[in-house]
Structures are given as C-alpha cells and as structure tokens.
Amino acid sequence: SLRVNMQGTDEAALLARQFDSMLDSIALREAQLASFYSLDLVGLTITSPEKGWISINSCLCNMLEYTESQLQKMTWAELTHPDDLDADLEQFNKLLANESNGYSLEKRFISRTGKVIVTMLVVRCVRKDDGRVDYVIAMVQDISKQKADAIQIEQLAYFDPLTKLPNRRLLDDRLKQALVLSERSGHYGALLFLDLDNFKTLNDTLGHDIGDMLLQQVAKRLITIIREGDTVTRFGGDEFVIILGNLNHNPVIAAVETEAIVHKILGTINQPYTISGHTYS
C-alpha cells in the first residue's frame with residue numbers, strides 16, 4: 001500500500017531532510033548535488049516532466065539492475081509496480097499542475113530480473129521562471145529489509161510460531177471484527193473451542209517433538225476445512241479457537257449450520273496422523 005506521507009526508517013528520514021536542505025540552498029545547489037549524487041547510499045535521479053530518466057546515479061542503477069543507458073530509454077512509470085502507479089501519478093500530476101513542489105511516498109519498483117523493491121521515494125522539482133517544471137529530482141531509498149523485518153515482528157506478535165496460526169492476541173481483534181460484521185449484517189456467528197484428548201500423555205510418552213508435529217498437522221487440517229472468512233487460532237497448548245461468521249440470520253438454522261461444521265471438523269481431525277513414519281490415531 002502507498003502512503004503519501006514520509007514513513008520509513010530514521011535513515012531515510014535523515015536523508016530526506018538533507019535532500020531538502022540541499023535543494024533549498026540555491027547558491028550551493030550544484031556543488032551539493034554533485035557530492036550527494038556520488039554517494040552509494042541512496043538512489044538519486046533527475047527526470048524530465050515527461051517521466052523520462054535524464055541522469056541516474058550508480059546506486060539506483062544497481063538497485064534496478066539496469067545500466068544508466070538502458071534506463072534512459074525507459075520511463076520511471078514502466079518500472080513502477082502496477083498497483084502503486086496510480087498513487088505516484090496522482091502526486092506527480094499535482095507537481096506538474098503547480099499544486100505542490102514535491103512529495104514523499106512508499107512505492108515499489110520492479111527490477112530488470114523481476115524483483116520487487118520496496119522503496120521510500122522523495123520527489124522535489126526545480127521550476128522555470130514561468131513556474132513550469134524544468135526537471136524533477138528524486139531520492140529512492142531501498143527499505144525492503146526494513147519492511148521484511150516489520151513483517152517478521154508482526155508475525156512474532158500476532159501469530160503462533162509453531163503452527164503459523166493467529167495467536168490469542170490476534171484472536172481478540174478478529175473476534176471484535178466478527179461481532180461488528182454480525183451486527184451490521186444481521187447474520188449469526190459462532191465461537192468453537194477445540195482441544196486434543198490425551199495430548200499431555202502423548203507429550204510425556206513420545207516427546208515434545210512428536211507433540212509439536214501433531215499440533216502442526218492439526219492446524220493444517222483446520223485451515224483446509226474452515227470456510228473462507230472464518231478464523232482458526234491457536235489459543236494455547238493443545239487448544240484451538242475457531243470463529244465462524246456469516247451463518248444464517250435465523251438462529252435455529254444458524255445452529256444447524258454450526259453443528260454440521262463441527263461434525264466436519266471432528267471427522268477431519270480424528271483421522272489417523274502419520275508422524276516421522278509412524279501412524280497415530
């Protein structure tokens with residue numbers, strides 16, 4: 001998703017402030033730009049109002065996996081992820097219409113080999129005496145690693161590391177959403193609690209590794225059997241919680257639907273399990 005306000009790492013924010021300071025200083029602009037341009041810390045480019053590349057530093061060429069001569073035959077729009085293009089064009093057109101002198105947003109580029117690169121883009125323009133855009137200067141900061149780290153942190157916070165299912169914290173959020181949707185639609189929902197019989201005995205006799213693999217297989221079976229829009233979570237230990245939504249608006253029919261789903265779930269998870277070459281039932 002694209003956000004039109006600067007949101008990124010402290011490093012990206014610092015570079016953006018330096019970038020703005022450099023452009024604000026008319027007397028030193030050319031010297032500062034030349035020095036900043038040669039740094040291999042961030043991608044820098046000068047583009048035309050027609051979106052063509054005029055000049056690209058080596059850092060951006062390496063990032064996009066093109067040579068400068070190759071890039072100059074393309075437009076930056078051609079290298080932008082299709083889902084991010086509209087938001088970028090909207091801000092760029094505001095710049096051309098003299099509604100702004102620049103913008104910052106998170107956007108994805110597609111490299112020559114097809115790699116998706118998440119970047120923080122800072123764009124500023126230089127205008128002619130009549131107000132028209134002469135050229136555009138852009139700073140491109142690769143934040144792919146930071147985004148991946150953020151996703152990993154979110155996974156650790158909201159998902160069970162063993163089964164990859166939502167954990168108790170995310171369950172609370174999903175339950176609130178289900179209640180809101182149920183109230184709006186008038187359809188009933190259901191909350192199912194499920195635990196595994198004799199799980200402690202299995203852990204004590206066969207070991208925690210076997211117990212963990214059993215939990216993983218149970219999680220996979222639950223994921224494959226629940227309906228689209230339902231949620232299955234690991235509540236803790238051998239306990240799972242399943243949120244059923246969009247049941248019938250008639251409570252009697254909704255109860256019958258829930259019972260049918262429960263029988264289907266029990267029939268599936270009660271099938272034998274093969275773990276490390278051994279079958280358990």
# chains A, B, ... in the order shown; residues from 1 in each chain; ligands from 1
$ residues_around --residues "segment 164-173 of chain A" --least-positions-apart "6" --cutoff "7 Å" --atoms "only C-alpha atoms" --output "list in words"
Tyr158, Val232, Thr233, Arg234 and Phe235 of chain A
$ write_last_selection --atoms "all heavy atoms" --output "short mmCIF file (atom, residue, chain, number, x, y, z; two decimals), in the first residue's frame"
data_model
loop_
_atom_site.label_atom_id
_atom_site.label_comp_id
_atom_site.auth_asym_id
_atom_site.auth_seq_id
_atom_site.Cartn_x
_atom_site.Cartn_y
_atom_site.Cartn_z
N TYR A 158 1.67 -11.55 16.50
CA TYR A 158 0.27 -11.91 16.29
C TYR A 158 0.06 -13.35 15.80
O TYR A 158 -1.08 -13.77 15.64
CB TYR A 158 -0.37 -10.95 15.28
CG TYR A 158 -0.50 -9.55 15.82
CD1 TYR A 158 0.35 -8.53 15.39
CD2 TYR A 158 -1.47 -9.23 16.77
CE1 TYR A 158 0.24 -7.25 15.89
CE2 TYR A 158 -1.60 -7.95 17.27
CZ TYR A 158 -0.73 -6.96 16.83
OH TYR A 158 -0.85 -5.68 17.33
N VAL A 232 -9.29 -19.58 12.30
CA VAL A 232 -8.86 -20.60 13.25
C VAL A 232 -7.59 -20.10 13.93
O VAL A 232 -6.67 -19.61 13.28
CB VAL A 232 -8.62 -21.97 12.56
CG1 VAL A 232 -7.64 -21.86 11.41
CG2 VAL A 232 -8.14 -23.00 13.57
N THR A 233 -7.55 -20.17 15.26
CA THR A 233 -6.41 -19.67 16.02
C THR A 233 -5.93 -20.73 16.99
O THR A 233 -6.68 -21.63 17.39
CB THR A 233 -6.80 -18.41 16.83
OG1 THR A 233 -7.72 -18.79 17.88
CG2 THR A 233 -7.46 -17.37 15.95
N ARG A 234 -4.66 -20.60 17.36
CA ARG A 234 -4.15 -21.46 18.44
C ARG A 234 -4.26 -20.66 19.73
O ARG A 234 -3.61 -19.62 19.90
CB ARG A 234 -2.70 -21.86 18.18
CG ARG A 234 -2.22 -22.86 19.25
CD ARG A 234 -0.77 -23.23 19.09
NE ARG A 234 -0.36 -24.17 20.13
CZ ARG A 234 0.91 -24.41 20.45
NH1 ARG A 234 1.89 -23.80 19.80
NH2 ARG A 234 1.20 -25.28 21.41
N PHE A 235 -5.10 -21.15 20.62
CA PHE A 235 -5.36 -20.44 21.87
C PHE A 235 -4.24 -20.66 22.87
O PHE A 235 -3.95 -19.82 23.71
CB PHE A 235 -6.70 -20.90 22.45
CG PHE A 235 -7.23 -20.01 23.52
CD1 PHE A 235 -7.68 -18.73 23.24
CD2 PHE A 235 -7.31 -20.47 24.83
CE1 PHE A 235 -8.17 -17.90 24.23
CE2 PHE A 235 -7.80 -19.65 25.83
CZ PHE A 235 -8.24 -18.36 25.53
#
$ select_by_dssp --residues "segment 79-117 of chain A" --states "strand (DSSP E)" --output "list of chain:residue names"
A:Gly102, A:Tyr103, A:Ser104, A:Leu105, A:Glu106, A:Lys107, A:Arg108, A:Phe109, A:Ile110, A:Val116, A:Ile117
$ closest_atom_pairs --of "segment 109-221 of chain A" --to "segment 43-48 of chain A" --cutoff "6 Å" --atoms "only C-alpha atoms" --output "tab-separated table"
residue	atom	partner	partner_atom	distance
A:Tyr135	CA	A:Ser48	CA	5.0
A:Val136	CA	A:Thr47	CA	5.1
A:Ile137	CA	A:Ile46	CA	4.6
A:Ala138	CA	A:Thr45	CA	5.4
A:Met139	CA	A:Leu44	CA	4.7
A:Val140	CA	A:Gly43	CA	4.7
$ write_last_selection --atoms "all heavy atoms" --output "compact mmCIF listing (two decimals), in the first residue's frame"
# COMPACT_ATOMS: atom_id res chain seq x y z
N TYR A 135 12.86 20.27 -14.30
CA TYR A 135 13.23 18.88 -14.11
C TYR A 135 12.86 18.46 -12.70
O TYR A 135 12.54 19.29 -11.84
CB TYR A 135 14.72 18.62 -14.39
CG TYR A 135 15.67 19.48 -13.60
CD1 TYR A 135 16.15 19.07 -12.36
CD2 TYR A 135 16.13 20.70 -14.11
CE1 TYR A 135 17.03 19.84 -11.63
CE2 TYR A 135 17.02 21.48 -13.39
CZ TYR A 135 17.46 21.06 -12.15
OH TYR A 135 18.33 21.83 -11.43
N VAL A 136 12.89 17.18 -12.47
CA VAL A 136 12.49 16.61 -11.19
C VAL A 136 13.66 15.82 -10.61
O VAL A 136 14.31 15.06 -11.32
CB VAL A 136 11.27 15.67 -11.36
CG1 VAL A 136 10.90 15.04 -10.02
CG2 VAL A 136 10.09 16.44 -11.94
N ILE A 137 13.91 16.02 -9.33
CA ILE A 137 14.97 15.29 -8.63
C ILE A 137 14.30 14.33 -7.66
O ILE A 137 13.40 14.72 -6.90
CB ILE A 137 15.92 16.24 -7.89
CG1 ILE A 137 16.52 17.27 -8.84
CG2 ILE A 137 17.02 15.45 -7.19
CD1 ILE A 137 17.38 18.31 -8.15
N ALA A 138 14.72 13.09 -7.69
CA ALA A 138 14.11 12.08 -6.81
C ALA A 138 15.17 11.31 -6.05
O ALA A 138 16.24 11.00 -6.58
CB ALA A 138 13.26 11.11 -7.63
N MET A 139 14.86 11.04 -4.80
CA MET A 139 15.70 10.19 -3.96
C MET A 139 14.95 8.89 -3.72
O MET A 139 13.77 8.91 -3.36
CB MET A 139 16.00 10.87 -2.63
CG MET A 139 16.90 10.05 -1.72
SD MET A 139 17.08 10.78 -0.07
CE MET A 139 15.50 10.32 0.64
N VAL A 140 15.62 7.75 -3.94
CA VAL A 140 14.98 6.44 -3.81
C VAL A 140 15.76 5.64 -2.77
O VAL A 140 16.91 5.27 -2.99
CB VAL A 140 14.98 5.68 -5.16
CG1 VAL A 140 14.22 4.38 -5.01
CG2 VAL A 140 14.36 6.55 -6.26
$ residues_around --residues "Lys220 of chain A" --least-positions-apart "2" --cutoff "12 Å" --atoms "only C-alpha atoms" --output "PyMOL selection string"
chain A and resi 162-165+213-218+222-226+232-234+265+268-269+273
$ write_last_selection --atoms "N, CA and C atoms" --output "PDB file, in the first residue's frame"
ATOM      1  N   LEU A 162       4.790 -21.903  16.014  1.00  0.00           N
ATOM      2  CA  LEU A 162       4.784 -23.334  15.699  1.00  0.00           C
ATOM      3  C   LEU A 162       3.805 -23.664  14.580  1.00  0.00           C
ATOM      4  N   THR A 163       2.558 -23.227  14.705  1.00  0.00           N
ATOM      5  CA  THR A 163       1.507 -23.597  13.743  1.00  0.00           C
ATOM      6  C   THR A 163       1.269 -22.531  12.679  1.00  0.00           C
ATOM      7  N   LYS A 164       1.828 -21.328  12.881  1.00  0.00           N
ATOM      8  CA  LYS A 164       1.630 -20.177  11.985  1.00  0.00           C
ATOM      9  C   LYS A 164       0.179 -19.660  12.015  1.00  0.00           C
ATOM     10  N   LEU A 165      -0.608 -20.141  12.956  1.00  0.00           N
ATOM     11  CA  LEU A 165      -1.971 -19.660  13.094  1.00  0.00           C
ATOM     12  C   LEU A 165      -1.994 -18.355  13.898  1.00  0.00           C
ATOM     13  N   MET A 213       4.738 -31.745  16.168  1.00  0.00           N
ATOM     14  CA  MET A 213       4.376 -32.119  14.798  1.00  0.00           C
ATOM     15  C   MET A 213       2.889 -32.444  14.685  1.00  0.00           C
ATOM     16  N   LEU A 214       2.331 -33.024  15.748  1.00  0.00           N
ATOM     17  CA  LEU A 214       0.896 -33.293  15.747  1.00  0.00           C
ATOM     18  C   LEU A 214       0.110 -31.997  15.716  1.00  0.00           C
ATOM     19  N   LEU A 215       0.517 -31.021  16.519  1.00  0.00           N
ATOM     20  CA  LEU A 215      -0.166 -29.719  16.527  1.00  0.00           C
ATOM     21  C   LEU A 215      -0.097 -29.060  15.151  1.00  0.00           C
ATOM     22  N   GLN A 216       1.043 -29.173  14.496  1.00  0.00           N
ATOM     23  CA  GLN A 216       1.188 -28.593  13.157  1.00  0.00           C
ATOM     24  C   GLN A 216       0.237 -29.255  12.164  1.00  0.00           C
ATOM     25  N   GLN A 217       0.114 -30.574  12.246  1.00  0.00           N
ATOM     26  CA  GLN A 217      -0.782 -31.278  11.323  1.00  0.00           C
ATOM     27  C   GLN A 217      -2.245 -30.948  11.614  1.00  0.00           C
ATOM     28  N   VAL A 218      -2.598 -30.830  12.895  1.00  0.00           N
ATOM     29  CA  VAL A 218      -3.963 -30.440  13.246  1.00  0.00           C
ATOM     30  C   VAL A 218      -4.268 -29.057  12.689  1.00  0.00           C
ATOM     31  N   LEU A 222      -7.233 -27.996  10.026  1.00  0.00           N
ATOM     32  CA  LEU A 222      -8.249 -26.991  10.355  1.00  0.00           C
ATOM     33  C   LEU A 222      -8.289 -25.892   9.298  1.00  0.00           C
ATOM     34  N   ILE A 223      -7.115 -25.485   8.817  1.00  0.00           N
ATOM     35  CA  ILE A 223      -7.056 -24.422   7.806  1.00  0.00           C
ATOM     36  C   ILE A 223      -7.756 -24.869   6.527  1.00  0.00           C
ATOM     37  N   THR A 224      -7.566 -26.137   6.157  1.00  0.00           N
ATOM     38  CA  THR A 224      -8.148 -26.610   4.896  1.00  0.00           C
ATOM     39  C   THR A 224      -9.653 -26.805   4.978  1.00  0.00           C
ATOM     40  N   ILE A 225     -10.187 -26.959   6.184  1.00  0.00           N
ATOM     41  CA  ILE A 225     -11.610 -27.298   6.304  1.00  0.00           C
ATOM     42  C   ILE A 225     -12.491 -26.093   6.607  1.00  0.00           C
ATOM     43  N   ILE A 226     -11.944 -25.044   7.200  1.00  0.00           N
ATOM     44  CA  ILE A 226     -12.800 -23.899   7.531  1.00  0.00           C
ATOM     45  C   ILE A 226     -13.188 -23.148   6.261  1.00  0.00           C
ATOM     46  N   VAL A 232      -9.287 -19.581  12.295  1.00  0.00           N
ATOM     47  CA  VAL A 232      -8.860 -20.596  13.249  1.00  0.00           C
ATOM     48  C   VAL A 232      -7.592 -20.096  13.931  1.00  0.00           C
ATOM     49  N   THR A 233      -7.549 -20.168  15.259  1.00  0.00           N
ATOM     50  CA  THR A 233      -6.413 -19.665  16.025  1.00  0.00           C
ATOM     51  C   THR A 233      -5.927 -20.734  16.990  1.00  0.00           C
ATOM     52  N   ARG A 234      -4.661 -20.600  17.357  1.00  0.00           N
ATOM     53  CA  ARG A 234      -4.149 -21.458  18.436  1.00  0.00           C
ATOM     54  C   ARG A 234      -4.261 -20.655  19.729  1.00  0.00           C
ATOM     55  N   ILE A 265     -15.438 -30.847  11.114  1.00  0.00           N
ATOM     56  CA  ILE A 265     -14.129 -30.606  11.730  1.00  0.00           C
ATOM     57  C   ILE A 265     -13.679 -31.827  12.514  1.00  0.00           C
ATOM     58  N   THR A 268     -12.582 -34.705  10.411  1.00  0.00           N
ATOM     59  CA  THR A 268     -11.288 -34.482   9.756  1.00  0.00           C
ATOM     60  C   THR A 268     -10.127 -34.653  10.719  1.00  0.00           C
ATOM     61  N   ILE A 269     -10.212 -34.039  11.898  1.00  0.00           N
ATOM     62  CA  ILE A 269      -9.054 -34.085  12.806  1.00  0.00           C
ATOM     63  C   ILE A 269      -8.950 -35.433  13.532  1.00  0.00           C
ATOM     64  N   TYR A 273      -2.944 -39.876  12.057  1.00  0.00           N
ATOM     65  CA  TYR A 273      -1.851 -38.970  11.701  1.00  0.00           C
ATOM     66  C   TYR A 273      -0.579 -39.788  11.476  1.00  0.00           C
TER      67      TYR A 273
END
$ atom_distance --atom1 "atom CA of Glu106 of chain A" --atom2 "atom CA of Asp86 of chain A"
12.6 Å
$ closest_residue --among "A:Asp134, A:Asp238, A:Arg174, A:Glu257" --to "Asp197 of chain A" --atoms "only C-alpha atoms"
A:Asp238
$ closest_residue --among "A:Leu71, A:Ile151, A:Val122, A:Ala190" --to "Pro251 of chain A" --atoms "only C-alpha atoms"
A:Ala190
$ residues_around --residues "Arg127 of chain A" --least-positions-apart "3" --cutoff "10 Å" --atoms "only C-alpha atoms" --output "MDAnalysis selection string"
chainID A and resid 96 98 101 124 130:136
$ closest_residue --among "A:Asn250, A:Ala260, A:Ile210, A:Val241" --to "Thr274 of chain A" --atoms "only C-alpha atoms"
A:Ile210
$ atom_distance --atom1 "atom CA of Thr75 of chain A" --atom2 "atom CA of Val118 of chain A"
18.1 Å
$ select_by_dssp --residues "segment 33-224 of chain A" --states "helix (DSSP H, G or I)" --output "PyMOL selection string"
chain A and resi 33-37+58-64+68-71+76-79+82-96+144-158+168-185+199-206+208-224
$ closest_residue --among "A:Lys73, A:His263, A:Arg108, A:Arg227" --to "Leu247 of chain A" --atoms "only C-alpha atoms"
A:Arg227
